[in-house]
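Structure file query.txt; described as compact mmCIF, C-alpha atoms.
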# COMPACT_ATOMS: atom_id res chain seq x y z
CA MET V 684 90.31 41.93 -3.72
CA LYS V 685 93.57 40.26 -4.63
CA LYS V 686 92.09 36.82 -3.84
CA ALA V 687 89.06 37.47 -6.08
CA THR V 688 91.27 38.65 -8.94
CA THR V 689 93.52 35.61 -8.58
CA ALA V 690 90.51 33.26 -8.54
CA LEU V 691 89.06 34.93 -11.63
CA PHE V 692 92.44 34.61 -13.37
CA VAL V 693 92.64 30.87 -12.56
CA VAL V 694 89.09 30.28 -13.84
CA LEU V 695 89.78 32.20 -17.05
CA MET V 696 93.03 30.27 -17.62
CA PHE V 697 91.15 27.01 -17.23
CA VAL V 698 88.36 28.03 -19.62
CA PHE V 699 90.70 29.32 -22.32
CA SER V 700 93.17 26.44 -21.98
CA CYS V 701 90.58 23.99 -23.40
CA THR V 702 91.03 23.62 -27.12
CA LYS V 703 88.18 23.25 -29.58
CA GLU V 704 89.30 19.69 -30.38
CA SER V 705 89.11 18.61 -26.74
CA VAL V 706 85.51 19.85 -26.39
CA SER V 707 83.87 18.77 -29.68
CA PRO V 708 84.17 15.55 -31.68
CA ASP V 709 86.61 15.38 -34.56
CA LEU V 710 84.45 15.25 -37.69
CA ASP V 711 87.21 13.41 -39.58
CA SER V 712 87.10 10.58 -37.05
CA GLY V 713 83.87 9.20 -38.53
CA TYR V 714 81.70 10.47 -35.71
CA ASP V 715 78.70 12.06 -37.39
CA VAL V 716 76.58 14.06 -34.99
CA LEU V 717 73.64 14.26 -37.43
CA LYS V 718 73.54 10.51 -38.06
CA LYS V 719 73.55 9.83 -34.33
CA ALA V 720 70.66 12.27 -33.82
CA ASP V 721 68.65 10.62 -36.65
CA ALA V 722 69.29 7.12 -35.30
CA THR V 723 67.91 8.03 -31.88
CA LYS V 724 64.87 9.77 -33.41
CA ASN V 725 63.13 6.61 -34.68
CA VAL V 726 61.13 4.73 -32.08
CA THR V 727 58.85 1.69 -32.49
CA LYS V 728 55.44 2.15 -30.88
CA THR V 729 52.26 0.12 -30.56
CA LEU V 730 49.54 1.40 -32.85
CA LYS V 731 46.01 0.62 -31.63
CA PHE V 732 42.89 1.30 -33.70
CA HIS V 733 40.02 1.74 -31.26
CA GLU V 734 37.50 2.11 -34.08
CA SER V 735 37.35 2.52 -37.83
CA SER V 736 34.08 2.50 -39.72
CA GLY V 737 32.66 3.65 -43.01
CA THR V 738 31.47 2.58 -46.43
CA MET V 739 32.90 0.60 -49.31
CA GLY V 740 32.01 -0.32 -52.83
CA PRO V 741 32.69 0.21 -56.52
CA VAL V 742 32.85 3.86 -57.65
CA GLY V 743 33.40 3.59 -61.40
CA THR V 744 36.66 3.16 -63.28
CA GLY V 745 38.65 5.84 -61.37
CA ASP V 746 42.37 5.46 -62.04
CA CYS V 747 42.00 1.81 -63.11
CA ILE V 748 43.06 0.96 -66.65
CA THR V 749 40.79 -2.10 -66.71
CA GLY V 750 37.90 -2.89 -64.43
CA TRP V 751 36.41 -0.84 -61.64
CA GLN V 752 37.84 1.12 -58.77
CA TYR V 753 36.77 -0.12 -55.34
CA LEU V 754 36.76 2.57 -52.64
CA VAL V 755 36.84 2.08 -48.87
CA SER V 756 36.40 5.32 -46.93
CA GLY V 757 35.61 6.19 -43.36
CA THR V 758 36.76 7.62 -40.05
CA GLY V 759 38.18 6.33 -36.83
CA HIS V 760 40.34 6.89 -33.78
CA ALA V 761 43.79 5.41 -33.12
CA THR V 762 46.82 5.98 -30.93
CA HIS V 763 49.46 8.27 -32.54
CA LEU V 764 46.88 9.36 -35.14
CA GLY V 765 44.01 10.56 -32.95
CA ALA V 766 40.90 11.14 -35.04
CA PHE V 767 41.64 10.08 -38.61
CA THR V 768 40.12 9.50 -42.02
CA VAL V 769 40.84 6.44 -44.12
CA GLN V 770 40.69 6.02 -47.87
CA ASN V 771 41.65 2.71 -49.47
CA THR V 772 41.41 1.91 -53.18
CA ALA V 773 41.96 -1.12 -55.39
CA CYS V 774 41.31 -1.90 -59.04
CA CYS V 775 38.91 -4.82 -59.43
CA LEU V 776 37.32 -6.91 -62.11
CA GLY V 777 33.79 -5.70 -62.82
CA PRO V 778 30.46 -6.92 -61.42
CA PRO V 779 29.19 -9.06 -59.97
CA TYR V 780 32.13 -10.00 -57.69
CA PHE V 781 34.63 -7.12 -57.80
CA GLN V 782 37.65 -9.36 -57.38
CA PRO V 783 40.79 -7.26 -56.73
CA VAL V 784 43.43 -7.30 -59.48
CA GLU V 785 45.85 -5.27 -57.36
CA SER V 786 46.49 -4.77 -53.66
CA LEU V 787 44.27 -2.53 -51.58
CA GLN V 788 46.29 0.67 -51.07
CA GLY V 789 45.41 3.15 -48.37
CA ILE V 790 45.97 6.53 -46.82
CA LEU V 791 45.33 7.24 -43.16
CA THR V 792 45.15 11.00 -42.54
CA ALA V 793 45.39 12.39 -39.00
CA ALA V 794 43.38 15.48 -38.04
CA ASN V 795 46.48 17.67 -38.48
CA GLY V 796 47.04 16.38 -42.03
CA ASP V 797 49.96 13.99 -41.35
CA GLN V 798 49.55 10.78 -43.35
CA ILE V 799 50.47 7.09 -43.24
CA PHE V 800 50.50 5.14 -46.54
CA THR V 801 49.59 1.44 -46.44
CA VAL V 802 48.99 -1.61 -48.61
CA VAL V 803 47.24 -4.89 -47.69
CA ASP V 804 49.86 -7.66 -47.84
CA HIS V 805 47.50 -10.54 -47.19
CA ILE V 806 44.40 -11.70 -45.34
CA TYR V 807 44.69 -14.47 -42.77
CA ASP V 808 42.37 -16.44 -40.49
CA GLY V 809 42.54 -14.86 -37.03
CA GLY V 810 40.50 -17.59 -35.31
CA ASP V 811 37.88 -15.94 -33.09
CA LEU V 812 38.68 -12.57 -34.71
CA GLY V 813 37.65 -13.84 -38.15
CA ASP V 814 39.50 -12.60 -41.21
CA VAL V 815 42.40 -10.30 -40.37
CA TYR V 816 43.62 -7.81 -42.96
CA HIS V 817 47.39 -7.38 -42.63
CA TYR V 818 48.51 -3.91 -43.79
CA HIS V 819 52.13 -3.01 -44.41
CA ILE V 820 53.04 0.61 -43.59
CA LEU V 821 55.01 1.83 -46.60
CA MET V 822 55.87 5.37 -45.50
CA GLY V 823 54.35 8.57 -44.21
CA ASN V 824 54.68 12.32 -44.18
CA GLY V 825 54.68 15.03 -41.51
CA ARG V 826 55.63 13.49 -38.17
CA PHE V 827 55.32 10.05 -39.82
CA GLU V 828 58.07 10.81 -42.37
CA GLY V 829 59.86 7.53 -43.15
CA ALA V 830 57.37 5.46 -41.12
CA LEU V 831 57.47 1.66 -41.35
CA GLY V 832 55.49 -1.09 -39.67
CA TYR V 833 52.28 -3.07 -39.92
CA ILE V 834 48.61 -2.97 -38.94
CA ASP V 835 46.25 -5.93 -38.45
CA MET V 836 42.55 -4.99 -38.82
CA TRP V 837 39.51 -7.18 -38.03
CA GLY V 838 35.81 -6.87 -37.37
CA LEU V 839 32.61 -6.44 -39.37
CA ILE V 840 32.95 -6.24 -43.15
CA ASP V 841 29.61 -6.51 -44.93
CA TYR V 842 30.13 -6.51 -48.71
CA ASP V 843 26.37 -6.72 -49.38
CA LEU V 844 25.58 -3.57 -47.36
CA GLY V 845 28.89 -1.92 -48.25
CA ILE V 846 29.91 -1.11 -44.67
CA PHE V 847 32.76 -1.90 -42.30
CA ASP V 848 33.35 -1.51 -38.56
CA LEU V 849 36.87 -2.55 -37.60
CA GLN V 850 39.45 -2.39 -34.87
CA GLY V 851 43.12 -3.16 -35.08
CA LEU V 852 46.59 -3.42 -33.64
CA GLY V 853 50.06 -2.98 -35.07
CA GLU V 854 53.46 -1.38 -34.72
CA ILE V 855 54.85 1.78 -36.25
CA THR V 856 58.41 3.03 -36.35
CA TYR V 857 58.91 6.71 -37.05
Final structure tokens representation of the file:
Amino acid sequence: MKKATTALFVVLMFVFSCTKESVSPDLDSGYDVLKKADATKNVTKTLKFHESSGTMGPVGTGDCITGWQYLVSGTGHATHLGAFTVQNTACCLGPPYFQPVESLQGILTAANGDQIFTVVDHIYDGGDLGDVYHYHILMGNGRFEGALGYIDMWGLIDYDLGIFDLQGLGEITY
């Protein structure tokens, strides 16, 4: 019994001899536990759009001060989003050509309601892929809070029929 009591005493002395400063970081030293946790939270991942299809065309003046609002809406499936809906809008000059007077801005909404907000930066020639629409990821909400990155989309865009069927690839950091 004496050995057990002595062992318990030694263990308790060791536990209580540690000071708070020797176990936790000194907050005045510049070490910020919250900043470190936030820095390790953001990860860059490949974002692949397996499919995205829907309709597009002018829908009246909408929020446009001059011209017409052009609406692109549809559904699709992508990594990190799962099943999603897409809604892109731009203000355009009126018929017959509907030339954009501002960038195409978009919202990708995952099935759970989390969103990614995008804008088309430019369109470039992707060779065999045809025209590639380069989207810049501006931000997001839900699990995509503070998201950044890009998406390149290509495929069938038929302005006469008002339909699209695209696929894409990009990177997202969130």
> So which residues touch Ser786 in chain V within 7 Å, counting all atoms listed in the file, skipping near sequence neighbours fewer than 5 positions away, as a PyMOL selection string?
Replying inline: chain V and resi 773+802-803
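The spacing separating CA of Val769 in chain V from CA of Thr727 in chain V amounts to 22.0 Å.
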Hey, which bits of range 739-758 of chain V sit within 12 Å of range 831-844 of chain V, and for each residue what's the closest pair of atoms and how far apart in Å (one decimal), counting all atoms listed in the file, rows by chain and increasing number, as CSV?
residue,atom,partner,partner_atom,distance
V:Met739,CA,V:Tyr842,CA,7.7
V:Gly740,CA,V:Tyr842,CA,7.7
V:Pro741,CA,V:Tyr842,CA,10.6
V:Tyr753,CA,V:Tyr842,CA,11.4
V:Leu754,CA,V:Tyr842,CA,11.9
V:Val755,CA,V:Ile840,CA,10.8
>> Using only C-alpha atoms for the distances, tell me which of V:Gln850, V:Tyr857, V:Ala793, V:Leu787 is nearest to Ile806 in chain V.
In response: V:Leu787
> How many Å separate CA of Ala766 in chain V from CA of Val742 in chain V?
Replying inline: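 Interatomic distance, CA of Ala766 in chain V to CA of Val742 in chain V: 25.1 Å.
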> In Å to one decimal, how far is CA of Leu849 in chain V from CA of Gly825 in chain V?
Replying inline: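 Going from CA of Gly825 in chain V over to CA of Leu849 in chain V covers 25.3 Å.
Those residues that approach Gln788 in chain V to within 12 Å, counting all atoms listed in the file, are V:Gln752, V:Tyr753, V:Leu754, V:Val755, V:Ser756, V:Val769, V:Gln770, V:Asn771, V:Thr772, V:Ala773, V:Cys774, V:Pro783, V:Ile799, V:Phe800, V:Thr801, V:Val802, V:Val803, V:Asp804, V:His805, V:His817, V:Tyr818, V:His819, V:Ile820, V:Leu821; same-chain residues fewer than 5 positions away are not listed.
Shortest separation to Ile790 in chain V among V:Gly757, V:Gly809, V:Thr762, V:Cys775 occurs at residue V:Gly757, atoms counted being all atoms listed in the file.
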> With distances taken over all atoms listed in the file, which of V:Phe847, V:Trp751, V:Gly743, V:His763 is nearest to Thr729 in chain V?
Replying inline: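 Going through V:Phe847, V:Trp751, V:Gly743, V:His763 one by one, the smallest distance to Thr729 in chain V is for V:His763.
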Considering all atoms listed in the file, return as an mmCIF file with C-alpha atoms, in the frame of the given file whatever protein or nucleic-acid residues lie within 7 Å of Tyr807 in chain V, sequence-local ones (same chain, fewer than 5 positions apart) excluded.
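So the final result, stored in part33.cif, reads:
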data_model
loop_
_atom_site.group_PDB
_atom_site.id
_atom_site.type_symbol
_atom_site.label_atom_id
_atom_site.label_comp_id
_atom_site.auth_asym_id
_atom_site.auth_seq_id
_atom_site.Cartn_x
_atom_site.Cartn_y
_atom_site.Cartn_z
ATOM 1 C CA ASP V 814 39.500 -12.600 -41.210
ATOM 2 C CA VAL V 815 42.400 -10.300 -40.370
ATOM 3 C CA TYR V 816 43.620 -7.810 -42.960
#
